[in-house]
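*Asks:* My file is data10.cif. It has mmCIF, N, CA and C atoms and all ligand atoms:
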```cif
data_work
#
loop_
_atom_site.label_atom_id
_atom_site.label_comp_id
_atom_site.auth_asym_id
_atom_site.auth_seq_id
_atom_site.Cartn_x
_atom_site.Cartn_y
_atom_site.Cartn_z
N MET H 15 4.31 -55.42 -148.23
CA MET H 15 3.81 -55.59 -146.85
C MET H 15 3.75 -54.23 -146.15
N SER H 16 2.71 -54.01 -145.39
CA SER H 16 2.55 -52.71 -144.74
C SER H 16 3.56 -52.53 -143.60
N THR H 17 3.88 -51.27 -143.35
CA THR H 17 4.86 -50.92 -142.31
C THR H 17 4.19 -50.05 -141.26
N ILE H 18 5.01 -49.65 -140.31
CA ILE H 18 4.54 -48.73 -139.26
C ILE H 18 4.04 -47.41 -139.87
N PHE H 19 4.59 -47.02 -141.01
CA PHE H 19 4.15 -45.77 -141.64
C PHE H 19 2.71 -45.87 -142.13
N LYS H 20 2.31 -47.04 -142.56
CA LYS H 20 0.90 -47.24 -142.97
C LYS H 20 -0.02 -47.03 -141.76
N LYS H 21 0.43 -47.47 -140.61
CA LYS H 21 -0.36 -47.27 -139.38
C LYS H 21 -0.46 -45.79 -139.04
N ILE H 22 0.61 -45.04 -139.31
CA ILE H 22 0.56 -43.59 -139.08
C ILE H 22 -0.39 -42.94 -140.08
N ILE H 23 -0.31 -43.34 -141.34
CA ILE H 23 -1.22 -42.81 -142.37
C ILE H 23 -2.67 -43.08 -141.97
N ASP H 24 -2.93 -44.27 -141.47
CA ASP H 24 -4.30 -44.67 -141.10
C ASP H 24 -4.70 -44.18 -139.71
N LYS H 25 -3.79 -43.42 -139.04
CA LYS H 25 -4.03 -42.86 -137.70
C LYS H 25 -4.25 -43.97 -136.65
N GLU H 26 -3.65 -45.11 -136.90
CA GLU H 26 -3.75 -46.20 -135.91
C GLU H 26 -2.72 -46.01 -134.82
N ILE H 27 -1.62 -45.32 -135.14
CA ILE H 27 -0.66 -44.93 -134.10
C ILE H 27 -0.39 -43.44 -134.25
N PRO H 28 -0.07 -42.76 -133.13
CA PRO H 28 0.08 -41.31 -133.19
C PRO H 28 1.40 -40.86 -133.81
N ALA H 29 1.37 -39.67 -134.36
CA ALA H 29 2.58 -39.02 -134.86
C ALA H 29 2.31 -37.53 -134.84
N LYS H 30 3.39 -36.75 -134.77
CA LYS H 30 3.22 -35.29 -134.81
C LYS H 30 3.15 -34.87 -136.27
N ILE H 31 1.92 -34.83 -136.78
CA ILE H 31 1.69 -34.55 -138.20
C ILE H 31 1.83 -33.05 -138.44
N VAL H 32 2.65 -32.71 -139.45
CA VAL H 32 2.84 -31.28 -139.76
C VAL H 32 2.15 -30.90 -141.07
N TYR H 33 1.79 -31.91 -141.87
CA TYR H 33 1.15 -31.62 -143.17
C TYR H 33 0.43 -32.88 -143.64
N GLU H 34 -0.72 -32.69 -144.31
CA GLU H 34 -1.40 -33.83 -144.92
C GLU H 34 -2.26 -33.34 -146.08
N ASP H 35 -2.26 -34.08 -147.16
CA ASP H 35 -3.23 -33.85 -148.24
C ASP H 35 -3.66 -35.22 -148.76
N ASP H 36 -4.32 -35.27 -149.90
CA ASP H 36 -4.84 -36.55 -150.39
C ASP H 36 -3.74 -37.57 -150.69
N ASP H 37 -2.57 -37.08 -151.09
CA ASP H 37 -1.51 -37.98 -151.55
C ASP H 37 -0.39 -38.21 -150.55
N PHE H 38 -0.18 -37.24 -149.65
CA PHE H 38 1.01 -37.28 -148.79
C PHE H 38 0.67 -36.99 -147.34
N ILE H 39 1.56 -37.48 -146.47
CA ILE H 39 1.50 -37.08 -145.07
C ILE H 39 2.94 -36.79 -144.63
N ALA H 40 3.10 -35.80 -143.75
CA ALA H 40 4.43 -35.46 -143.24
C ALA H 40 4.33 -35.35 -141.72
N PHE H 41 5.31 -35.93 -141.04
CA PHE H 41 5.30 -35.91 -139.57
C PHE H 41 6.72 -35.89 -139.04
N GLU H 42 6.86 -35.48 -137.78
CA GLU H 42 8.18 -35.37 -137.17
C GLU H 42 8.77 -36.76 -136.96
N ASP H 43 10.06 -36.88 -137.26
CA ASP H 43 10.76 -38.15 -137.02
C ASP H 43 10.87 -38.38 -135.51
N ILE H 44 10.68 -39.64 -135.11
CA ILE H 44 10.71 -39.99 -133.69
C ILE H 44 12.12 -39.87 -133.09
N ALA H 45 13.13 -39.92 -133.95
CA ALA H 45 14.52 -39.83 -133.49
C ALA H 45 15.25 -38.80 -134.34
N PRO H 46 14.97 -37.52 -134.11
CA PRO H 46 15.50 -36.47 -135.00
C PRO H 46 17.02 -36.40 -134.99
N VAL H 47 17.60 -36.16 -136.17
CA VAL H 47 19.05 -36.01 -136.27
C VAL H 47 19.45 -34.53 -136.37
N ALA H 48 18.46 -33.65 -136.37
CA ALA H 48 18.73 -32.21 -136.40
C ALA H 48 17.52 -31.51 -135.77
N LYS H 49 17.62 -30.18 -135.62
CA LYS H 49 16.51 -29.45 -134.97
C LYS H 49 15.20 -29.66 -135.70
N VAL H 50 15.27 -29.70 -137.01
CA VAL H 50 14.07 -30.04 -137.81
C VAL H 50 14.33 -31.36 -138.53
N HIS H 51 13.46 -32.31 -138.32
CA HIS H 51 13.59 -33.61 -139.00
C HIS H 51 12.17 -34.15 -139.22
N VAL H 52 11.73 -33.98 -140.45
CA VAL H 52 10.36 -34.36 -140.81
C VAL H 52 10.42 -35.40 -141.92
N LEU H 53 9.52 -36.37 -141.86
CA LEU H 53 9.42 -37.40 -142.89
C LEU H 53 8.22 -37.09 -143.78
N VAL H 54 8.43 -37.14 -145.08
CA VAL H 54 7.34 -36.92 -146.03
C VAL H 54 7.10 -38.24 -146.76
N ILE H 55 5.84 -38.66 -146.76
CA ILE H 55 5.51 -40.01 -147.20
C ILE H 55 4.34 -40.00 -148.17
N PRO H 56 4.50 -40.59 -149.34
CA PRO H 56 3.31 -40.79 -150.17
C PRO H 56 2.40 -41.82 -149.49
N LYS H 57 1.10 -41.60 -149.56
CA LYS H 57 0.18 -42.58 -148.95
C LYS H 57 0.20 -43.89 -149.73
N LYS H 58 0.53 -43.82 -151.01
CA LYS H 58 0.65 -45.04 -151.80
C LYS H 58 1.83 -45.86 -151.27
N GLU H 59 1.59 -47.15 -151.09
CA GLU H 59 2.65 -48.01 -150.54
C GLU H 59 3.62 -48.45 -151.64
N ILE H 60 4.72 -47.72 -151.73
CA ILE H 60 5.83 -48.08 -152.62
C ILE H 60 7.00 -48.38 -151.68
N LYS H 61 7.71 -49.44 -151.94
CA LYS H 61 8.77 -49.86 -151.01
C LYS H 61 9.89 -48.82 -150.91
N ASN H 62 10.36 -48.36 -152.02
CA ASN H 62 11.41 -47.34 -152.07
C ASN H 62 11.55 -46.89 -153.53
N LEU H 63 12.50 -45.98 -153.76
CA LEU H 63 12.64 -45.43 -155.12
C LEU H 63 12.96 -46.53 -156.13
N ASP H 64 13.64 -47.56 -155.69
CA ASP H 64 14.00 -48.66 -156.59
C ASP H 64 12.76 -49.42 -157.07
N ASN H 65 11.67 -49.29 -156.35
CA ASN H 65 10.43 -50.00 -156.70
C ASN H 65 9.38 -49.09 -157.34
N ALA H 66 9.73 -47.82 -157.53
CA ALA H 66 8.79 -46.90 -158.20
C ALA H 66 8.80 -47.20 -159.70
N THR H 67 7.68 -46.90 -160.35
CA THR H 67 7.57 -47.17 -161.79
C THR H 67 7.11 -45.91 -162.51
N GLU H 68 6.97 -46.04 -163.82
CA GLU H 68 6.51 -44.88 -164.59
C GLU H 68 5.12 -44.44 -164.16
N ASP H 69 4.34 -45.33 -163.58
CA ASP H 69 3.02 -44.95 -163.05
C ASP H 69 3.15 -43.92 -161.93
N ASP H 70 4.33 -43.84 -161.33
CA ASP H 70 4.54 -42.97 -160.16
C ASP H 70 5.15 -41.62 -160.52
N ILE H 71 5.34 -41.37 -161.81
CA ILE H 71 6.03 -40.13 -162.22
C ILE H 71 5.33 -38.89 -161.67
N MET H 72 4.01 -38.81 -161.83
CA MET H 72 3.27 -37.63 -161.36
C MET H 72 3.37 -37.51 -159.84
N LEU H 73 3.20 -38.65 -159.17
CA LEU H 73 3.24 -38.66 -157.71
C LEU H 73 4.61 -38.18 -157.20
N LEU H 74 5.67 -38.69 -157.81
CA LEU H 74 7.01 -38.34 -157.33
C LEU H 74 7.37 -36.89 -157.69
N GLY H 75 6.86 -36.40 -158.81
CA GLY H 75 7.07 -34.99 -159.15
C GLY H 75 6.35 -34.10 -158.14
N LYS H 76 5.12 -34.46 -157.84
CA LYS H 76 4.32 -33.70 -156.87
C LYS H 76 4.98 -33.77 -155.48
N LEU H 77 5.56 -34.91 -155.20
CA LEU H 77 6.24 -35.09 -153.91
C LEU H 77 7.36 -34.07 -153.73
N GLN H 78 8.13 -33.85 -154.79
CA GLN H 78 9.24 -32.89 -154.67
C GLN H 78 8.72 -31.49 -154.36
N LEU H 79 7.63 -31.10 -155.05
CA LEU H 79 7.07 -29.77 -154.80
C LEU H 79 6.44 -29.70 -153.41
N THR H 80 5.90 -30.82 -152.95
CA THR H 80 5.30 -30.86 -151.61
C THR H 80 6.38 -30.74 -150.54
N ILE H 81 7.51 -31.38 -150.77
CA ILE H 81 8.64 -31.25 -149.85
C ILE H 81 9.04 -29.78 -149.74
N ALA H 82 9.17 -29.12 -150.88
CA ALA H 82 9.56 -27.70 -150.87
C ALA H 82 8.51 -26.85 -150.15
N LYS H 83 7.24 -27.18 -150.37
CA LYS H 83 6.16 -26.44 -149.69
C LYS H 83 6.24 -26.62 -148.18
N ILE H 84 6.48 -27.85 -147.74
CA ILE H 84 6.57 -28.13 -146.30
C ILE H 84 7.78 -27.40 -145.70
N ALA H 85 8.89 -27.41 -146.42
CA ALA H 85 10.09 -26.71 -145.91
C ALA H 85 9.80 -25.22 -145.74
N ARG H 86 9.06 -24.64 -146.68
CA ARG H 86 8.69 -23.22 -146.54
C ARG H 86 7.78 -23.04 -145.33
N MET H 87 6.83 -23.98 -145.19
CA MET H 87 5.90 -23.94 -144.06
C MET H 87 6.65 -24.00 -142.73
N LEU H 88 7.72 -24.79 -142.71
CA LEU H 88 8.51 -24.96 -141.48
C LEU H 88 9.48 -23.80 -141.27
N GLY H 89 9.60 -22.95 -142.30
CA GLY H 89 10.45 -21.76 -142.18
C GLY H 89 11.93 -22.06 -142.27
N ILE H 90 12.30 -23.16 -142.96
CA ILE H 90 13.72 -23.50 -143.04
C ILE H 90 14.27 -23.34 -144.46
N ASN H 91 13.44 -22.88 -145.38
CA ASN H 91 13.85 -22.86 -146.79
C ASN H 91 14.94 -21.86 -147.08
N GLU H 92 14.88 -20.68 -146.47
CA GLU H 92 15.86 -19.66 -146.85
C GLU H 92 17.23 -20.00 -146.31
N GLU H 93 17.30 -20.52 -145.09
CA GLU H 93 18.62 -20.90 -144.56
C GLU H 93 19.10 -22.20 -145.18
N GLY H 94 18.16 -23.04 -145.58
CA GLY H 94 18.54 -24.26 -146.29
C GLY H 94 18.30 -25.53 -145.50
N TYR H 95 18.24 -26.61 -146.22
CA TYR H 95 17.93 -27.91 -145.61
C TYR H 95 18.39 -29.01 -146.54
N ARG H 96 18.25 -30.24 -146.09
CA ARG H 96 18.66 -31.40 -146.90
C ARG H 96 17.47 -32.34 -147.04
N VAL H 97 17.38 -32.98 -148.21
CA VAL H 97 16.34 -33.99 -148.46
C VAL H 97 17.05 -35.31 -148.74
N VAL H 98 16.64 -36.35 -148.01
CA VAL H 98 17.32 -37.65 -148.13
C VAL H 98 16.27 -38.74 -148.28
N THR H 99 16.53 -39.68 -149.19
CA THR H 99 15.72 -40.90 -149.20
C THR H 99 16.68 -42.09 -149.19
N ASN H 100 16.54 -42.94 -148.22
CA ASN H 100 17.41 -44.10 -148.08
C ASN H 100 16.81 -45.29 -148.82
N ILE H 101 17.67 -46.04 -149.49
CA ILE H 101 17.20 -47.16 -150.32
C ILE H 101 17.93 -48.44 -149.94
N ASN H 102 17.14 -49.40 -149.45
CA ASN H 102 17.66 -50.74 -149.11
C ASN H 102 18.78 -50.69 -148.06
N ALA H 103 19.39 -51.84 -147.82
CA ALA H 103 20.27 -52.02 -146.66
C ALA H 103 21.48 -51.08 -146.67
N ASN H 104 22.20 -51.03 -147.76
CA ASN H 104 23.40 -50.18 -147.78
C ASN H 104 23.05 -48.70 -147.69
N GLY H 105 21.85 -48.35 -148.12
CA GLY H 105 21.41 -46.95 -148.02
C GLY H 105 20.91 -46.61 -146.63
N GLY H 106 20.76 -47.62 -145.78
CA GLY H 106 20.32 -47.37 -144.41
C GLY H 106 18.82 -47.33 -144.25
N GLN H 107 18.09 -47.88 -145.22
CA GLN H 107 16.62 -47.86 -145.09
C GLN H 107 16.19 -48.84 -144.01
N THR H 108 15.37 -48.37 -143.09
CA THR H 108 14.88 -49.24 -142.01
C THR H 108 13.37 -49.45 -142.09
N VAL H 109 12.67 -48.52 -142.74
CA VAL H 109 11.22 -48.68 -142.91
C VAL H 109 10.94 -48.74 -144.42
N TYR H 110 10.37 -49.86 -144.84
CA TYR H 110 10.24 -50.11 -146.27
C TYR H 110 8.91 -49.61 -146.85
N HIS H 111 8.71 -48.32 -146.66
CA HIS H 111 7.63 -47.55 -147.29
C HIS H 111 8.31 -46.25 -147.70
N ILE H 112 8.34 -45.98 -148.99
CA ILE H 112 9.13 -44.85 -149.49
C ILE H 112 8.87 -43.58 -148.67
N HIS H 113 9.94 -42.91 -148.30
CA HIS H 113 9.81 -41.67 -147.52
C HIS H 113 11.04 -40.80 -147.75
N TYR H 114 10.83 -39.50 -147.56
CA TYR H 114 11.90 -38.53 -147.74
C TYR H 114 12.09 -37.77 -146.43
N HIS H 115 13.34 -37.72 -145.98
CA HIS H 115 13.67 -36.98 -144.77
C HIS H 115 13.92 -35.52 -145.16
N ILE H 116 13.25 -34.59 -144.47
CA ILE H 116 13.61 -33.17 -144.55
C ILE H 116 14.39 -32.89 -143.28
N ILE H 117 15.64 -32.48 -143.45
CA ILE H 117 16.53 -32.27 -142.30
C ILE H 117 17.06 -30.85 -142.36
N GLY H 118 16.93 -30.12 -141.27
CA GLY H 118 17.41 -28.74 -141.29
C GLY H 118 17.22 -28.06 -139.95
N GLY H 119 17.10 -26.73 -140.02
CA GLY H 119 16.96 -25.95 -138.79
C GLY H 119 18.30 -25.63 -138.16
N GLU H 120 19.37 -26.11 -138.77
CA GLU H 120 20.73 -25.85 -138.30
C GLU H 120 21.69 -26.16 -139.44
N LYS H 121 22.96 -25.74 -139.27
CA LYS H 121 23.97 -26.02 -140.29
C LYS H 121 24.29 -27.50 -140.25
N LEU H 122 24.20 -28.15 -141.41
CA LEU H 122 24.46 -29.59 -141.49
C LEU H 122 25.89 -29.86 -141.97
N GLY H 123 26.43 -30.99 -141.56
CA GLY H 123 27.77 -31.36 -142.00
C GLY H 123 27.76 -31.78 -143.46
N VAL H 124 28.95 -31.84 -144.03
CA VAL H 124 29.07 -32.30 -145.42
C VAL H 124 28.68 -33.76 -145.50
N MET H 125 27.89 -34.09 -146.51
CA MET H 125 27.47 -35.50 -146.64
C MET H 125 27.78 -36.03 -148.02
N ALA H 126 27.50 -35.27 -149.05
CA ALA H 126 27.76 -35.77 -150.41
C ALA H 126 28.14 -34.60 -151.28
P1 LIG C 201 14.94 -44.82 -142.83
O1 LIG C 201 16.00 -45.28 -141.87
O2 LIG C 201 14.10 -45.99 -143.30
O3 LIG C 201 15.42 -43.96 -143.94
O4 LIG C 201 14.01 -43.86 -141.99
C1 LIG C 201 13.05 -44.30 -141.11
C2 LIG C 201 12.84 -43.20 -140.11
O5 LIG C 201 11.62 -43.43 -139.46
C3 LIG C 201 13.92 -43.12 -139.03
O6 LIG C 201 14.53 -41.84 -139.07
C4 LIG C 201 13.16 -43.38 -137.73
O7 LIG C 201 13.62 -42.58 -136.67
C5 LIG C 201 11.74 -43.03 -138.12
N1 LIG C 201 10.71 -43.77 -137.41
C6 LIG C 201 10.67 -45.12 -137.22
N2 LIG C 201 9.56 -45.47 -136.55
C7 LIG C 201 8.87 -44.32 -136.32
C8 LIG C 201 7.63 -44.04 -135.67
O8 LIG C 201 6.93 -44.91 -135.17
N3 LIG C 201 7.24 -42.73 -135.61
C9 LIG C 201 7.98 -41.74 -136.17
N4 LIG C 201 7.51 -40.49 -136.06
N5 LIG C 201 9.16 -41.96 -136.80
C10 LIG C 201 9.59 -43.24 -136.87
#
```
Turn the structure described in the file into C-alpha cells.

*Replies:*
Amino acid sequence: MSTIFKKIIDKEIPAKIVYEDDDFIAFEDIAPVAKVHVLVIPKKEIKNLDNATEDDIMLLGKLQLTIAKIARMLGINEEGYRVVTNINANGGQTVYHIHYHIIGGEKLGVMA
C-alpha cells in the first residue's frame, strides 16, 4: 500500500528535496533529530529491508553509494554521520516505504 512518501515522490505533497535521480529521492525530514536529517528513498515501493529480495540487490547497492554521495553533497562526510533504517514496530518504523535516515551535522550520541 502506498504511503506519504509515494506522494512526495509523485510531487503530490511538498518536501525539501535535496537530491533526485531516476531511482532515488532524498529530502529533509519534517522532524529532524539533528542539524542534518535527510531521508533517502528508493522510488520503488518496498516496505522495508525485510521485504527486499534478490531482485533488489543492484538497487540497494546503488542506494548505499547514493547515500554516500548525498552526504558528500551536504558536506557532512568528513566529520561523519550516521545511516539508519528502521524495520517494523520494534525498529521504530512509522512509514512503511523503505527509507534510510542520514543523520549528522553534529556529534551524535552512542547508539550501537
Ligand atoms: P521511520 O520512523 O519510519 O523510520 O521514519 C519516518 C520519518 O519520516 C520520520 O523521521 C518522520 O519525521 C518523517 N516524516 C513523516 N512524514 C513526513 C512528511 O510528510 N514529510 C517529511 N519530510 N518527513 C516526514

*Asks:* List as a PyMOL selection string the protein and nucleic acid residues lying within 6.5 Å of ligand LIG 201 (chain C), with only N, CA and C atoms and all ligand atoms counted.

*Replies:* chain H and resi 18+28-30+41-46+99-101+106-110

*Asks:* Looking at all atoms listed in the file, which of H:Ala82, H:Met72, H:Ile23, H:Ile90 is the one that sits closest to Gly118 (chain H)?

*Replies:*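 Using all atoms listed in the file, Gly118 (chain H) sits closest to H:Ile90.
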
*Asks:* Using CA of Ile81 (chain H) and CA of Gly94 (chain H) as the two end points, give the distance in Å to one decimal.

*Replies:*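 About the pair CA of Ile81 (chain H) and CA of Gly94 (chain H): they are 12.6 Å apart.
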
*Asks:* What's around region 111-113 of chain H at 6 Å? Count all atoms listed in the file, leave out sequence neighbours fewer than 5 positions away in its own chain, and write the answer as number ranges by chain.

*Replies:* H: 54-56, 59-63, 98-100

*Asks:* From the DSSP assignment of the backbone, select every residue of chain H that is strand (DSSP E), and format the answer as a list in words.

*Replies:*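 The residues of chain H classed as strand (DSSP E) are Ile31, Val32, Tyr33, Glu34, Phe38, Ile39, Ala40, Phe41, Glu42, Val50, His51, Val52, Leu53, Val54, Ile55, Pro56, Tyr95, Arg96, Val97, Val98, Tyr114, His115, Ile116, Ile117 and Gly118 of chain H.
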
*Asks:* Using all atoms listed in the file, pick whichever of H:Ile84, H:Lys76, H:Ala48, H:Ser16 has the shortest atom-to-atom distance to Tyr33 (chain H).

*Replies:*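 Closest to Tyr33 (chain H), using all atoms listed in the file: H:Ile84.
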
*Asks:* Give the alpha helix (DSSP H) residues of chain H, as DSSP finds them on the backbone, and put them as a list in words.

*Replies:*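 Secondary structure check on chain H, alpha helix (DSSP H): Ile18, Phe19, Lys20, Lys21, Ile22, Ile23, Ile71, Met72, Leu73, Leu74, Gly75, Lys76, Leu77, Gln78, Leu79, Thr80, Ile81, Ala82, Lys83, Ile84, Ala85, Arg86, Met87, Leu88, Asn102, Ala103, Asn104 and Gly105 of chain H.
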
*Asks:* Measure the distance from CA of His51 (chain H) to CA of Asp35 (chain H) in Å and round it to one decimal.

*Replies:*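 Distance between the two atoms: 19.2 Å.
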
*Asks:* So that I can see what lies close to Lys121 (chain H), please list as a list in words the residues with an atom at most 12 Å from it, counting only C-alpha atoms and leaving out residues fewer than 4 positions away in the same chain.

*Replies:*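 Non-adjacent residues within range: Val47, Ala48, Lys49, Val50, Ile90, Glu93, Gly94, Tyr95, Arg96, Ile117 and Met125 of chain H.
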
*Asks:* Would you compute the distance between CA of Val32 (chain H) and CA of His115 (chain H)? Give it in Å to one decimal.

*Replies:*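 For CA of Val32 (chain H) relative to CA of His115 (chain H), the distance reads 13.2 Å.
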
*Asks:* Find the residue from H:Phe38, H:Gly89, H:Asn102, H:Leu79 that sits nearest to Asp64 (chain H); use all atoms listed in the file when measuring.

*Replies:*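 Residue with the minimum atom-to-atom distance to Asp64 (chain H): H:Asn102.
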